[in-house]
>>> print(open('coords-v9.cif').read())   # mmCIF, C-alpha atoms and all ligand atoms
data_coords
loop_
_atom_site.group_PDB
_atom_site.id
_atom_site.type_symbol
_atom_site.label_atom_id
_atom_site.label_comp_id
_atom_site.auth_asym_id
_atom_site.auth_seq_id
_atom_site.Cartn_x
_atom_site.Cartn_y
_atom_site.Cartn_z
ATOM 1 C CA MET A 1 0.000 0.000 0.000
ATOM 2 C CA ARG A 2 1.312 3.400 -1.000
ATOM 3 C CA LYS A 3 0.608 6.158 1.533
ATOM 4 C CA PRO A 4 -0.999 9.164 -0.162
ATOM 5 C CA ILE A 5 1.109 12.320 -0.097
ATOM 6 C CA ILE A 6 -0.289 15.819 -0.573
ATOM 7 C CA ALA A 7 2.386 18.480 -0.984
ATOM 8 C CA GLY A 8 2.016 22.206 -1.388
ATOM 9 C CA ASN A 9 4.374 24.020 -3.716
ATOM 10 C CA TRP A 10 4.207 27.645 -2.675
ATOM 11 C CA LYS A 11 6.441 28.766 -5.590
ATOM 12 C CA MET A 12 7.500 32.443 -5.167
ATOM 13 C CA ASN A 13 4.740 33.368 -2.751
ATOM 14 C CA LYS A 14 4.536 34.358 0.929
ATOM 15 C CA THR A 15 6.962 36.418 2.967
ATOM 16 C CA ALA A 16 8.150 34.885 6.226
ATOM 17 C CA ALA A 17 5.415 36.644 8.204
ATOM 18 C CA GLU A 18 2.772 35.502 5.716
ATOM 19 C CA ALA A 19 4.143 31.959 5.831
ATOM 20 C CA GLU A 20 3.819 31.822 9.606
ATOM 21 C CA ALA A 21 0.227 33.079 9.442
ATOM 22 C CA LEU A 22 -0.750 30.559 6.760
ATOM 23 C CA ILE A 23 0.768 27.621 8.651
ATOM 24 C CA ASN A 24 -0.950 28.645 11.876
ATOM 25 C CA GLU A 25 -4.260 28.776 10.035
ATOM 26 C CA LEU A 26 -3.613 25.426 8.358
ATOM 27 C CA LYS A 27 -2.537 23.392 11.381
ATOM 28 C CA PRO A 28 -5.927 22.839 13.046
ATOM 29 C CA LEU A 29 -7.587 22.173 9.688
ATOM 30 C CA ILE A 30 -5.384 19.198 8.874
ATOM 31 C CA ALA A 31 -4.810 17.861 12.395
ATOM 32 C CA LYS A 32 -6.705 14.639 11.655
ATOM 33 C CA SER A 33 -5.505 14.153 8.103
ATOM 34 C CA LYS A 34 -4.721 10.682 6.797
ATOM 35 C CA PRO A 35 -2.297 11.472 3.955
ATOM 36 C CA GLU A 36 1.256 12.602 4.477
ATOM 37 C CA VAL A 37 1.268 16.417 4.319
ATOM 38 C CA VAL A 38 4.227 18.440 3.060
ATOM 39 C CA ILE A 39 4.692 22.145 2.398
ATOM 40 C CA CYS A 40 7.480 23.194 0.040
ATOM 41 C CA VAL A 41 8.184 26.837 0.726
ATOM 42 C CA PRO A 42 10.609 29.534 -0.477
ATOM 43 C CA TYR A 43 14.060 29.356 1.117
ATOM 44 C CA THR A 44 13.444 32.556 3.090
ATOM 45 C CA ASP A 45 10.402 30.968 4.753
ATOM 46 C CA LEU A 46 12.099 27.738 5.823
ATOM 47 C CA TRP A 47 13.254 28.787 9.277
ATOM 48 C CA ILE A 48 9.966 30.262 10.370
ATOM 49 C CA ALA A 49 8.034 27.410 8.753
ATOM 50 C CA LYS A 50 10.093 24.851 10.659
ATOM 51 C CA LYS A 51 9.161 26.577 13.912
ATOM 52 C CA ALA A 52 5.532 27.027 12.940
ATOM 53 C CA ILE A 53 4.926 23.351 12.017
ATOM 54 C CA GLU A 54 6.274 22.092 15.347
ATOM 55 C CA GLY A 55 3.841 19.713 16.997
ATOM 56 C CA SER A 56 1.867 19.217 13.778
ATOM 57 C CA LYS A 57 1.891 16.542 11.093
ATOM 58 C CA ILE A 58 3.171 18.927 8.457
ATOM 59 C CA LYS A 59 6.542 18.091 6.949
ATOM 60 C CA LEU A 60 8.873 20.667 5.497
ATOM 61 C CA GLY A 61 10.157 20.855 1.936
ATOM 62 C CA ALA A 62 12.234 23.224 -0.190
ATOM 63 C CA GLU A 63 11.674 24.079 -3.851
ATOM 64 C CA ASN A 64 15.117 23.169 -5.184
ATOM 65 C CA VAL A 65 18.597 22.089 -4.090
ATOM 66 C CA ALA A 66 22.095 22.603 -5.472
ATOM 67 C CA TRP A 67 23.989 19.662 -6.982
ATOM 68 C CA ALA A 68 27.263 20.668 -5.353
ATOM 69 C CA ASP A 69 28.212 20.435 -1.679
ATOM 70 C CA SER A 70 29.347 24.057 -1.434
ATOM 71 C CA GLY A 71 31.413 26.630 -3.269
ATOM 72 C CA ALA A 72 31.142 29.251 -5.976
ATOM 73 C CA PHE A 73 27.508 28.810 -7.020
ATOM 74 C CA THR A 74 25.953 32.229 -6.489
ATOM 75 C CA GLY A 75 22.269 32.033 -5.684
ATOM 76 C CA GLU A 76 22.194 28.304 -4.992
ATOM 77 C CA ILE A 77 21.298 26.607 -1.699
ATOM 78 C CA SER A 78 23.037 23.408 -0.611
ATOM 79 C CA ALA A 79 21.585 20.211 0.802
ATOM 80 C CA ASP A 80 23.491 20.714 4.067
ATOM 81 C CA MET A 81 21.957 24.168 4.466
ATOM 82 C CA LEU A 82 18.504 22.655 4.044
ATOM 83 C CA LYS A 83 19.214 19.692 6.298
ATOM 84 C CA GLU A 84 20.385 21.924 9.128
ATOM 85 C CA ILE A 85 17.031 23.705 9.143
ATOM 86 C CA GLY A 86 15.202 20.382 9.243
ATOM 87 C CA VAL A 87 14.034 20.200 5.644
ATOM 88 C CA GLU A 88 12.893 16.696 4.668
ATOM 89 C CA TYR A 89 11.599 16.995 1.092
ATOM 90 C CA VAL A 90 12.839 18.895 -1.920
ATOM 91 C CA ILE A 91 11.170 19.573 -5.271
ATOM 92 C CA ILE A 92 13.462 18.935 -8.233
ATOM 93 C CA GLY A 93 12.903 19.739 -11.904
ATOM 94 C CA HIS A 94 9.665 21.695 -11.641
ATOM 95 C CA SER A 95 8.495 22.768 -15.089
ATOM 96 C CA GLU A 96 8.955 26.425 -14.134
ATOM 97 C CA ARG A 97 12.616 25.702 -13.394
ATOM 98 C CA ARG A 98 12.906 23.938 -16.737
ATOM 99 C CA GLN A 99 11.054 26.734 -18.568
ATOM 100 C CA TYR A 100 12.593 29.867 -17.024
ATOM 101 C CA PHE A 101 15.866 28.819 -15.425
ATOM 102 C CA GLY A 102 17.484 26.423 -17.850
ATOM 103 C CA GLU A 103 16.911 23.272 -15.868
ATOM 104 C CA THR A 104 17.464 20.162 -17.991
ATOM 105 C CA ASP A 105 17.161 16.427 -17.452
ATOM 106 C CA LYS A 106 20.907 16.462 -16.834
ATOM 107 C CA THR A 107 20.757 19.091 -14.060
ATOM 108 C CA VAL A 108 17.681 17.373 -12.641
ATOM 109 C CA ASN A 109 19.721 14.178 -12.454
ATOM 110 C CA MET A 110 22.630 15.962 -10.744
ATOM 111 C CA ARG A 111 20.354 17.622 -8.177
ATOM 112 C CA LEU A 112 18.484 14.369 -7.605
ATOM 113 C CA LYS A 113 21.645 12.386 -6.906
ATOM 114 C CA GLN A 114 22.852 15.047 -4.493
ATOM 115 C CA ALA A 115 19.516 15.107 -2.659
ATOM 116 C CA LEU A 116 19.599 11.322 -2.283
ATOM 117 C CA ALA A 117 23.218 11.284 -1.165
ATOM 118 C CA LYS A 118 22.375 13.845 1.526
ATOM 119 C CA GLY A 119 19.247 12.084 2.741
ATOM 120 C CA LEU A 120 16.703 14.550 1.375
ATOM 121 C CA LYS A 121 13.514 13.120 -0.134
ATOM 122 C CA PRO A 122 13.117 14.344 -3.707
ATOM 123 C CA ILE A 123 9.811 15.150 -5.386
ATOM 124 C CA VAL A 124 10.859 14.976 -9.030
ATOM 125 C CA CYS A 125 8.575 16.731 -11.517
ATOM 126 C CA VAL A 126 7.924 15.502 -15.044
ATOM 127 C CA GLY A 127 5.320 16.495 -17.600
ATOM 128 C CA GLU A 128 4.667 17.504 -21.176
ATOM 129 C CA THR A 129 3.876 20.958 -22.570
ATOM 130 C CA LEU A 130 0.743 21.704 -24.555
ATOM 131 C CA THR A 131 2.638 21.653 -27.870
ATOM 132 C CA GLU A 132 4.213 18.315 -27.029
ATOM 133 C CA ARG A 133 0.816 16.954 -26.103
ATOM 134 C CA GLU A 134 -0.805 18.215 -29.291
ATOM 135 C CA LYS A 135 1.986 16.629 -31.321
ATOM 136 C CA ASN A 136 1.355 13.317 -29.576
ATOM 137 C CA LYS A 137 4.774 13.427 -27.953
ATOM 138 C CA THR A 138 3.703 12.974 -24.330
ATOM 139 C CA LYS A 139 5.109 9.469 -23.948
ATOM 140 C CA LYS A 140 8.345 10.322 -25.697
ATOM 141 C CA VAL A 141 8.889 13.385 -23.491
ATOM 142 C CA LEU A 142 8.098 11.495 -20.299
ATOM 143 C CA LYS A 143 10.378 8.650 -21.267
ATOM 144 C CA LYS A 144 13.304 11.008 -21.781
ATOM 145 C CA GLN A 145 12.591 12.899 -18.559
ATOM 146 C CA VAL A 146 12.407 9.670 -16.553
ATOM 147 C CA LEU A 147 15.314 7.780 -18.122
ATOM 148 C CA GLU A 148 17.684 10.771 -18.105
ATOM 149 C CA GLY A 149 16.405 12.355 -14.894
ATOM 150 C CA PHE A 150 16.759 9.112 -12.929
ATOM 151 C CA LYS A 151 19.928 7.871 -14.616
ATOM 152 C CA ASP A 152 22.196 5.933 -12.192
ATOM 153 C CA VAL A 153 19.557 6.005 -9.454
ATOM 154 C CA THR A 154 19.026 2.613 -7.856
ATOM 155 C CA ASP A 155 17.121 3.272 -4.645
ATOM 156 C CA PHE A 156 13.640 4.746 -5.147
ATOM 157 C CA SER A 157 12.417 4.258 -1.589
ATOM 158 C CA ASN A 158 12.657 7.981 -0.745
ATOM 159 C CA ILE A 159 11.606 9.285 -4.151
ATOM 160 C CA VAL A 160 8.265 10.747 -5.142
ATOM 161 C CA ILE A 161 7.467 11.587 -8.766
ATOM 162 C CA ALA A 162 5.050 14.395 -9.592
ATOM 163 C CA TYR A 163 3.384 14.178 -12.990
ATOM 164 C CA GLU A 164 2.534 17.752 -13.871
ATOM 165 C CA PRO A 165 1.247 18.347 -17.391
ATOM 166 C CA VAL A 166 2.560 21.851 -18.052
ATOM 167 C CA TRP A 167 -0.683 22.933 -19.747
ATOM 168 C CA ALA A 168 -2.586 22.215 -16.526
ATOM 169 C CA ILE A 169 -0.362 24.282 -14.227
ATOM 170 C CA GLY A 170 -2.012 27.472 -13.010
ATOM 171 C CA THR A 171 -4.422 27.421 -15.942
ATOM 172 C CA GLY A 172 -7.494 26.037 -14.224
ATOM 173 C CA LYS A 173 -7.379 23.185 -16.740
ATOM 174 C CA THR A 174 -7.066 19.827 -15.051
ATOM 175 C CA ALA A 175 -6.270 16.590 -16.774
ATOM 176 C CA THR A 176 -9.288 14.330 -16.459
ATOM 177 C CA ALA A 177 -8.850 11.803 -13.691
ATOM 178 C CA GLU A 178 -8.811 8.995 -16.271
ATOM 179 C CA ASP A 179 -6.238 10.751 -18.392
ATOM 180 C CA ALA A 180 -3.957 11.541 -15.440
ATOM 181 C CA ASN A 181 -4.313 7.968 -14.216
ATOM 182 C CA LYS A 182 -3.400 6.593 -17.617
ATOM 183 C CA THR A 183 -0.344 8.807 -18.019
ATOM 184 C CA ILE A 184 0.842 8.094 -14.499
ATOM 185 C CA GLY A 185 0.336 4.417 -15.296
ATOM 186 C CA TYR A 186 2.655 4.905 -18.253
ATOM 187 C CA ILE A 187 5.296 6.504 -15.989
ATOM 188 C CA ARG A 188 4.941 3.549 -13.634
ATOM 189 C CA SER A 189 5.404 1.137 -16.525
ATOM 190 C CA LEU A 190 8.582 2.976 -17.568
ATOM 191 C CA VAL A 191 9.948 2.611 -14.042
ATOM 192 C CA LYS A 192 8.952 -1.046 -14.020
ATOM 193 C CA LYS A 193 10.779 -1.727 -17.255
ATOM 194 C CA THR A 194 14.050 -0.187 -16.086
ATOM 195 C CA TRP A 195 14.043 -0.645 -12.323
ATOM 196 C CA GLY A 196 11.733 -3.609 -11.796
ATOM 197 C CA ALA A 197 8.222 -4.426 -10.668
ATOM 198 C CA ASP A 198 8.835 -4.006 -6.936
ATOM 199 C CA VAL A 199 10.231 -0.493 -7.354
ATOM 200 C CA ALA A 200 7.355 0.502 -9.643
ATOM 201 C CA LYS A 201 4.764 -0.892 -7.281
ATOM 202 C CA ALA A 202 6.113 0.931 -4.228
ATOM 203 C CA LEU A 203 6.826 4.270 -5.948
ATOM 204 C CA ARG A 204 4.484 7.131 -5.112
ATOM 205 C CA ILE A 205 3.448 9.250 -8.086
ATOM 206 C CA GLN A 206 1.511 12.473 -7.585
ATOM 207 C CA TYR A 207 -0.613 14.437 -9.987
ATOM 208 C CA GLY A 208 -0.119 18.212 -10.182
ATOM 209 C CA GLY A 209 -1.908 20.899 -12.170
ATOM 210 C CA SER A 210 -4.924 22.908 -11.010
ATOM 211 C CA MET A 211 -5.760 20.410 -8.299
ATOM 212 C CA LYS A 212 -8.351 21.814 -5.910
ATOM 213 C CA PRO A 213 -10.832 20.639 -3.263
ATOM 214 C CA SER A 214 -13.524 20.094 -5.904
ATOM 215 C CA ASN A 215 -11.482 17.656 -8.029
ATOM 216 C CA ALA A 216 -9.156 16.096 -5.445
ATOM 217 C CA LYS A 217 -11.456 13.247 -4.508
ATOM 218 C CA GLU A 218 -11.947 12.096 -8.082
ATOM 219 C CA LEU A 219 -8.231 12.282 -8.871
ATOM 220 C CA MET A 220 -7.214 10.559 -5.652
ATOM 221 C CA ALA A 221 -9.655 7.726 -6.298
ATOM 222 C CA MET A 222 -7.579 6.642 -9.297
ATOM 223 C CA ARG A 223 -5.476 3.534 -8.918
ATOM 224 C CA ASN A 224 -2.195 5.045 -10.067
ATOM 225 C CA ILE A 225 -2.507 8.472 -8.402
ATOM 226 C CA ASP A 226 -0.879 8.560 -4.979
ATOM 227 C CA GLY A 227 -1.103 12.221 -4.157
ATOM 228 C CA GLY A 228 -1.014 15.770 -5.381
ATOM 229 C CA LEU A 229 1.482 18.568 -5.829
ATOM 230 C CA ILE A 230 -0.549 21.692 -5.253
ATOM 231 C CA GLY A 231 0.323 25.203 -6.431
ATOM 232 C CA GLY A 232 -2.317 27.922 -6.227
ATOM 233 C CA ALA A 233 -4.624 26.061 -3.880
ATOM 234 C CA ALA A 234 -1.781 25.564 -1.376
ATOM 235 C CA LEU A 235 -1.717 29.298 -0.704
ATOM 236 C CA LYS A 236 -5.066 29.308 1.075
ATOM 237 C CA ALA A 237 -5.405 27.237 4.246
ATOM 238 C CA ALA A 238 -9.015 26.208 3.589
ATOM 239 C CA ASP A 239 -8.312 25.119 -0.002
ATOM 240 C CA PHE A 240 -5.183 23.154 0.865
ATOM 241 C CA ALA A 241 -6.948 21.520 3.814
ATOM 242 C CA GLY A 242 -9.872 20.707 1.523
ATOM 243 C CA ILE A 243 -7.490 18.744 -0.694
ATOM 244 C CA VAL A 244 -5.666 17.067 2.197
ATOM 245 C CA ASN A 245 -9.029 16.012 3.642
ATOM 246 C CA TYR A 246 -10.352 14.817 0.274
ATOM 247 C CA LYS A 247 -11.883 11.749 1.849
ATOM 248 C CA ASP A 248 -14.167 13.644 4.232
HETATM 249 P P1 LIG B 301 -1.288 24.827 -9.759
HETATM 250 O O1 LIG B 301 -1.894 23.933 -8.698
HETATM 251 O O2 LIG B 301 -1.339 26.275 -9.401
HETATM 252 O O3 LIG B 301 -1.831 24.525 -11.117
HETATM 253 O O4 LIG B 301 0.275 24.462 -9.802
HETATM 254 C C1 LIG B 301 0.661 23.152 -9.883
HETATM 255 C C2 LIG B 301 2.118 23.080 -9.671
HETATM 256 O O5 LIG B 301 2.896 23.551 -10.477
HETATM 257 C C3 LIG B 301 2.593 22.445 -8.448
HETATM 258 O O6 LIG B 301 3.958 22.242 -8.495
#
>>> encode(input="coords-v9.cif", output="structure tokens", more="lines below")
Ligand code: 13P
Amino acid sequence: MRKPIIAGNWKMNKTAAEAEALINELKPLIAKSKPEVVICVPYTDLWIAKKAIEGSKIKLGAENVAWADSGAFTGEISADMLKEIGVEYVIIGHSERRQYFGETDKTVNMRLKQALAKGLKPIVCVGETLTEREKNKTKKVLKKQVLEGFKDVTDFSNIVIAYEPVWAIGTGKTATAEDANKTIGYIRSLVKKTWGADVAKALRIQYGGSMKPSNAKELMAMRNIDGGLIGGAALKAADFAGIVNYKD
């Protein structure tokens, strides 16, 4: 049985003071939640978030991590820096990083290996753009992202994959539950082919892209969907809690 995991990706939103207020509002709303709950917040919010989640079920995540241990990498944040704060999860390869900041399958792979080596739990994002989808290239794109992104990785026990069709991110367009389930099933089959049936069976794969309280239940009911990576709806306590508590 794969434990469902709902993670918020705050992206570039919330100052430290706003982060503290949001977490304090969220805590009582998810106190009885069944899924694993993670919030991935901007670096500048990590310290205050760590303090604010104390005594709750919420786990802390960052939105990226450097591939190097330390050194001349202006603007990057190392795994040790994150670990010292108490960060447990880290998003790697989000489509916005790929689109605006030159992230490639190669850099995703480097960051992923560093996260694993340092004991951080990676949430690795994959997904096709609208053009790729319209050209029927979804499978091809996903195959490249998975095979190159996870190259040389052998232990998947701490890894979560987030399937985020780029056309569904922040657009209000959600993949239908059937469609998301089918595509995530394809990702699982890719993992099975390369890393074996046991790895594929145990691996948690989230859906991300305009997930909200009103569609969470339907998506989460799908056999292959083990959770959600939530953008916009993670910025409001009631909405995020509505997704976390999708079963109620
Ligand atoms: P939205 O939920 O705002 O569509 O964003 C999804 C996402 O990119 C999560 O990483």
>>> residues_near_ligand(input="coords-v9.cif", ligand="ligand LIG 301 (chain B)", cutoff="6 Å", atoms="only C-alpha atoms and all ligand atoms", output="number ranges by chain")
A: 9, 168-170, 208-211, 229-233
>>> closest_residue(input="coords-v9.cif", among="A:Asn24, A:Ser157, A:Asn64, A:Gln99", to="A:Lys11", atoms="only C-alpha atoms")
A:Asn64
>>> residues_around(input="coords-v9.cif", residues="stretch 35-40 of chain A", least_positions_apart="5", cutoff="6 Å", atoms="all atoms listed in the file", output="list in words")
Pro4, Ile5, Ile6, Ala7, Gly8, Asn9, Ile58, Lys59, Leu60, Gly61, Ala62 and Glu63 of chain A
>>> resolve_selection(input="coords-v9.cif", expression="the PyMOL selection byres (((chain A and resi 15) around 12) and not hetatm)", output="PyMOL selection string")
chain A and resi 10-14+16-22+41-49+235
>>> residues_around(input="coords-v9.cif", residues="A:Glu218", least_positions_apart="6", cutoff="10 Å", atoms="all atoms listed in the file", output="PyMOL selection string")
chain A and resi 176-178+246-247
>>> write_last_selection(input="coords-v9.cif", atoms="C-alpha atoms", output="tab-separated table (two decimals), in the frame of the given file")
chain	number	residue	atom	x	y	z
A	176	THR	CA	-9.29	14.33	-16.46
A	177	ALA	CA	-8.85	11.80	-13.69
A	178	GLU	CA	-8.81	8.99	-16.27
A	246	TYR	CA	-10.35	14.82	0.27
A	247	LYS	CA	-11.88	11.75	1.85
>>> residues_around(input="coords-v9.cif", residues="A:Thr183", least_positions_apart="2", cutoff="12 Å", atoms="only C-alpha atoms", output="number ranges by chain")
A: 126-128, 133, 138-143, 162-165, 175-181, 185-190, 205-207, 222-225
>>> resolve_selection(input="coords-v9.cif", expression="the PyMOL selection byres (((chain A and resi 71-85) around 9) and not hetatm)", output="list of chain:residue names")
A:Tyr43, A:Leu46, A:Trp47, A:Lys50, A:Gly61, A:Ala62, A:Asn64, A:Val65, A:Ala66, A:Trp67, A:Ala68, A:Asp69, A:Ser70, A:Gly86, A:Val87, A:Glu88, A:Gln114, A:Ala115, A:Lys118, A:Gly119, A:Leu120
>>> residues_around(input="coords-v9.cif", residues="A:Ile30", least_positions_apart="3", cutoff="10 Å", atoms="only C-alpha atoms", output="VMD selection string")
chain A and resid 25 to 27 33 to 35 37 56 to 58 237 to 238 240 to 245
>>> atom_distance(input="coords-v9.cif", atom1="atom CA of A:Cys125", atom2="atom CA of A:Val108")
9.2 Å
>>> axis_aligned_box(input="coords-v9.cif", around="stretch 163-173 of chain A", padding_each_side="4 Å", output="AutoDock Vina command-line options")
--center_x -2.1 --center_y 20.8 --center_z -16.4 --size_x 18.9 --size_y 21.3 --size_z 14.8
>>> closest_residue(input="coords-v9.cif", among="A:Lys51, A:Arg98, A:Lys151, A:Lys113", to="A:Ile23", atoms="all atoms listed in the file")
A:Lys51
>>> closest_residue(input="coords-v9.cif", among="A:Ile123, A:Ile53, A:Met220, A:Ala200", to="A:Asn158", atoms="only C-alpha atoms")
A:Ile123
>>> atom_distance(input="coords-v9.cif", atom1="atom CA of A:Gln145", atom2="atom CA of A:Val124")
9.9 Å
>>> build_atoms(input="coords-v9.cif", residues="stretch 166-175 of chain A", atoms="all heavy atoms", output="mmCIF file, in the frame of the given file")
data_model
loop_
_atom_site.group_PDB
_atom_site.id
_atom_site.type_symbol
_atom_site.label_atom_id
_atom_site.label_comp_id
_atom_site.auth_asym_id
_atom_site.auth_seq_id
_atom_site.Cartn_x
_atom_site.Cartn_y
_atom_site.Cartn_z
ATOM 1 N N VAL A 166 2.269 20.416 -18.151
ATOM 2 C CA VAL A 166 2.560 21.851 -18.052
ATOM 3 C C VAL A 166 1.326 22.691 -18.402
ATOM 4 O O VAL A 166 1.074 23.732 -17.792
ATOM 5 C CB VAL A 166 3.761 22.217 -18.963
ATOM 6 C CG1 VAL A 166 4.071 23.697 -18.902
ATOM 7 C CG2 VAL A 166 4.996 21.414 -18.540
ATOM 8 N N TRP A 167 0.521 22.200 -19.329
ATOM 9 C CA TRP A 167 -0.683 22.933 -19.747
ATOM 10 C C TRP A 167 -1.745 22.992 -18.659
ATOM 11 O O TRP A 167 -2.713 23.753 -18.758
ATOM 12 C CB TRP A 167 -1.267 22.292 -21.014
ATOM 13 C CG TRP A 167 -1.411 20.792 -20.904
ATOM 14 C CD1 TRP A 167 -0.455 19.864 -21.240
ATOM 15 C CD2 TRP A 167 -2.518 20.067 -20.387
ATOM 16 N NE1 TRP A 167 -0.923 18.604 -20.964
ATOM 17 C CE2 TRP A 167 -2.189 18.699 -20.452
ATOM 18 C CE3 TRP A 167 -3.773 20.428 -19.888
ATOM 19 C CZ2 TRP A 167 -3.049 17.694 -20.022
ATOM 20 C CZ3 TRP A 167 -4.633 19.428 -19.456
ATOM 21 C CH2 TRP A 167 -4.271 18.084 -19.528
ATOM 22 N N ALA A 168 -1.589 22.224 -17.604
ATOM 23 C CA ALA A 168 -2.586 22.215 -16.526
ATOM 24 C C ALA A 168 -2.141 23.042 -15.325
ATOM 25 O O ALA A 168 -2.888 23.216 -14.372
ATOM 26 C CB ALA A 168 -2.860 20.778 -16.085
ATOM 27 N N ILE A 169 -0.904 23.566 -15.384
ATOM 28 C CA ILE A 169 -0.362 24.282 -14.227
ATOM 29 C C ILE A 169 -0.846 25.734 -14.224
ATOM 30 O O ILE A 169 -0.558 26.480 -15.160
ATOM 31 C CB ILE A 169 1.179 24.229 -14.220
ATOM 32 C CG1 ILE A 169 1.647 22.783 -14.023
ATOM 33 C CG2 ILE A 169 1.732 25.129 -13.132
ATOM 34 C CD1 ILE A 169 3.144 22.606 -14.065
ATOM 35 N N GLY A 170 -1.573 26.093 -13.195
ATOM 36 C CA GLY A 170 -2.012 27.472 -13.010
ATOM 37 C C GLY A 170 -2.996 27.947 -14.063
ATOM 38 O O GLY A 170 -3.258 29.137 -14.191
ATOM 39 N N THR A 171 -3.532 27.033 -14.843
ATOM 40 C CA THR A 171 -4.422 27.421 -15.942
ATOM 41 C C THR A 171 -5.883 27.154 -15.615
ATOM 42 O O THR A 171 -6.765 27.587 -16.354
ATOM 43 C CB THR A 171 -4.090 26.606 -17.205
ATOM 44 O OG1 THR A 171 -4.199 25.208 -16.883
ATOM 45 C CG2 THR A 171 -2.685 26.890 -17.699
ATOM 46 N N GLY A 172 -6.122 26.427 -14.533
ATOM 47 C CA GLY A 172 -7.494 26.037 -14.224
ATOM 48 C C GLY A 172 -7.906 24.802 -15.007
ATOM 49 O O GLY A 172 -8.955 24.229 -14.765
ATOM 50 N N LYS A 173 -7.076 24.405 -15.980
ATOM 51 C CA LYS A 173 -7.379 23.185 -16.740
ATOM 52 C C LYS A 173 -6.772 21.991 -16.011
ATOM 53 O O LYS A 173 -5.575 21.965 -15.749
ATOM 54 C CB LYS A 173 -6.724 23.249 -18.131
ATOM 55 C CG LYS A 173 -7.393 24.190 -19.083
ATOM 56 C CD LYS A 173 -6.729 24.069 -20.441
ATOM 57 C CE LYS A 173 -7.060 25.276 -21.286
ATOM 58 N NZ LYS A 173 -6.003 25.615 -22.234
ATOM 59 N N THR A 174 -7.583 21.027 -15.708
ATOM 60 C CA THR A 174 -7.066 19.827 -15.051
ATOM 61 C C THR A 174 -7.132 18.684 -16.043
ATOM 62 O O THR A 174 -8.066 18.605 -16.835
ATOM 63 C CB THR A 174 -7.969 19.427 -13.853
ATOM 64 O OG1 THR A 174 -8.405 20.616 -13.215
ATOM 65 C CG2 THR A 174 -7.225 18.569 -12.877
ATOM 66 N N ALA A 175 -6.154 17.820 -15.986
ATOM 67 C CA ALA A 175 -6.270 16.590 -16.774
ATOM 68 C C ALA A 175 -7.460 15.830 -16.194
ATOM 69 O O ALA A 175 -7.701 15.903 -14.995
ATOM 70 C CB ALA A 175 -4.996 15.771 -16.622
#
